[in-house]
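Colleague: Structure in structure tokens, see below.
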Amino acid sequence: MVVGSDDVLADEVARALPGISHLRVAHGAGAVERMLVTRPLVVILDESIVGADFERVAECARDIRAEILRASIPLRANLEPSLRSAVLGAERARAEGLSTGSSQALE
């Protein structure tokens with residue numbers, strides 16, 4: 001799930017992992033609602049999601065054992081390996097019943 005208003009980031013994510021379903025949500029509140037139903041493995045937040053919105057989205061992501069990635073230049077430079085690692089980490093955490101506890105704020 002890509003959260004925020006960055007169209008380019010959403011397109012980059014879709015190209016990096018073409019075999020996985022993608023969901024794009026413009027605002028934090030909508031992301032929280034959809035996360036509870038869709039249970040994404042990875043939640044990528046762009047720079048427009050800050051403050052209380054960021055905290056709500058991050059809390060919900062942790063609750064469903066999703067990995068959280070913060071959009072940044074280093075993340076974009078290594079997008080595909082970062083996404084693959086995050087997907088594997090979330091799958092492992094869910095299988096083991098663990099909280100992911102990791103937020104990769106690659107800024």
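Identifiers for the structure tokens are assigned positionally: chains receive A, B, ... in sequence, residues are indexed from 1 per chain, and ligands are indexed from 1 in the order shown.
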What are the DSSP strand (DSSP E or B) residues of chain A, as a ChimeraX atom specification?

Modeller: /A:2-3,24-25,42-45,67-70,103-105

Colleague: Please produce a file of the residues just selected, as a CSV table (one decimal), in the first residue's frame, where the atoms kept are N, CA and C atoms.

Modeller:
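The resulting file, result32.csv, is shown below:
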```csv
chain,number,residue,atom,x,y,z
A,2,VAL,N,0.6,2.1,-0.9
A,2,VAL,CA,1.3,3.4,-1.0
A,2,VAL,C,0.4,4.5,-0.4
A,3,VAL,N,0.8,5.2,0.6
A,3,VAL,CA,0.0,6.2,1.2
A,3,VAL,C,0.5,7.6,0.9
A,24,ARG,N,-3.3,2.1,-3.6
A,24,ARG,CA,-2.9,3.5,-3.4
A,24,ARG,C,-4.0,4.2,-2.7
A,25,VAL,N,-3.6,4.9,-1.6
A,25,VAL,CA,-4.5,5.7,-0.8
A,25,VAL,C,-3.9,7.1,-0.6
A,42,VAL,N,3.2,-4.5,3.2
A,42,VAL,CA,4.1,-3.3,3.3
A,42,VAL,C,3.3,-2.0,3.1
A,43,VAL,N,3.6,-1.0,4.0
A,43,VAL,CA,2.9,0.3,3.9
A,43,VAL,C,4.0,1.3,3.6
A,44,ILE,N,3.9,2.0,2.5
A,44,ILE,CA,4.9,3.0,2.1
A,44,ILE,C,4.3,4.3,2.2
A,45,LEU,N,4.9,5.2,3.1
A,45,LEU,CA,4.3,6.5,3.3
A,45,LEU,C,5.2,7.6,2.6
A,67,GLU,N,5.1,-4.2,7.4
A,67,GLU,CA,6.3,-3.4,7.4
A,67,GLU,C,6.0,-2.0,7.0
A,68,ILE,N,6.7,-1.0,7.5
A,68,ILE,CA,6.5,0.4,7.2
A,68,ILE,C,7.8,0.9,6.6
A,69,LEU,N,7.6,1.6,5.4
A,69,LEU,CA,8.7,2.2,4.8
A,69,LEU,C,8.4,3.7,4.6
A,70,ARG,N,9.3,4.5,4.8
A,70,ARG,CA,9.1,6.0,4.6
A,70,ARG,C,9.8,6.4,3.3
A,103,SER,N,10.4,-0.1,11.4
A,103,SER,CA,10.0,1.0,10.5
A,103,SER,C,11.3,1.5,9.9
A,104,GLN,N,11.4,1.4,8.6
A,104,GLN,CA,12.6,1.8,7.9
A,104,GLN,C,12.4,3.2,7.4
A,105,ALA,N,12.8,4.1,8.2
A,105,ALA,CA,12.7,5.6,7.8
A,105,ALA,C,14.0,5.9,7.1
```

Colleague: For stretch 53-56 of chain A, find every residue with an atom within 8 Å (counting only C-alpha atoms), except residues of its own chain fewer than 3 positions away, and show them as a PDB file with N, CA and C atoms, in the first residue's frame.

Modeller:
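Done, and the output landed in around.pdb:
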```
ATOM      1  N   GLY A  28      -4.082   9.528   5.195  1.00  0.00           N
ATOM      2  CA  GLY A  28      -3.854   8.623   6.318  1.00  0.00           C
ATOM      3  C   GLY A  28      -5.120   7.955   6.824  1.00  0.00           C
ATOM      4  N   ALA A  29      -6.198   8.714   6.970  1.00  0.00           N
ATOM      5  CA  ALA A  29      -7.450   8.145   7.503  1.00  0.00           C
ATOM      6  C   ALA A  29      -7.970   7.034   6.596  1.00  0.00           C
ATOM      7  N   VAL A  32      -5.826   3.847   7.003  1.00  0.00           N
ATOM      8  CA  VAL A  32      -6.132   3.055   8.199  1.00  0.00           C
ATOM      9  C   VAL A  32      -7.376   2.207   7.958  1.00  0.00           C
ATOM     10  N   LEU A  45       4.883   5.177   3.065  1.00  0.00           N
ATOM     11  CA  LEU A  45       4.332   6.510   3.307  1.00  0.00           C
ATOM     12  C   LEU A  45       5.200   7.554   2.620  1.00  0.00           C
ATOM     13  N   ILE A  49       2.614  12.515   4.336  1.00  0.00           N
ATOM     14  CA  ILE A  49       1.980  11.930   5.525  1.00  0.00           C
ATOM     15  C   ILE A  49       2.881  12.211   6.725  1.00  0.00           C
ATOM     16  N   VAL A  50       2.439  13.109   7.591  1.00  0.00           N
ATOM     17  CA  VAL A  50       3.256  13.556   8.726  1.00  0.00           C
ATOM     18  C   VAL A  50       2.409  13.638   9.993  1.00  0.00           C
ATOM     19  N   GLU A  59       0.800   2.987  13.544  1.00  0.00           N
ATOM     20  CA  GLU A  59       0.231   2.138  14.599  1.00  0.00           C
ATOM     21  C   GLU A  59      -0.625   1.024  14.002  1.00  0.00           C
ATOM     22  N   CYS A  60      -1.461   1.369  13.038  1.00  0.00           N
ATOM     23  CA  CYS A  60      -2.298   0.360  12.397  1.00  0.00           C
ATOM     24  C   CYS A  60      -1.434  -0.660  11.660  1.00  0.00           C
TER      25      CYS A  60
END
```

Colleague: Considering only C-alpha atoms, can you say which of A:Asp7, A:Ala71, A:Arg39, A:Ala16 comes closest to A:Arg84?

Modeller: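 With only C-alpha atoms as the atom set, the closest residue is A:Ala16.
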
Colleague: Using only C-alpha atoms, can you tell me which of A:Leu83, A:Val37, A:Leu75, A:Ala93 comes closest to A:Arg62?

Modeller: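 Result for the nearest residue to A:Arg62: A:Ala93.
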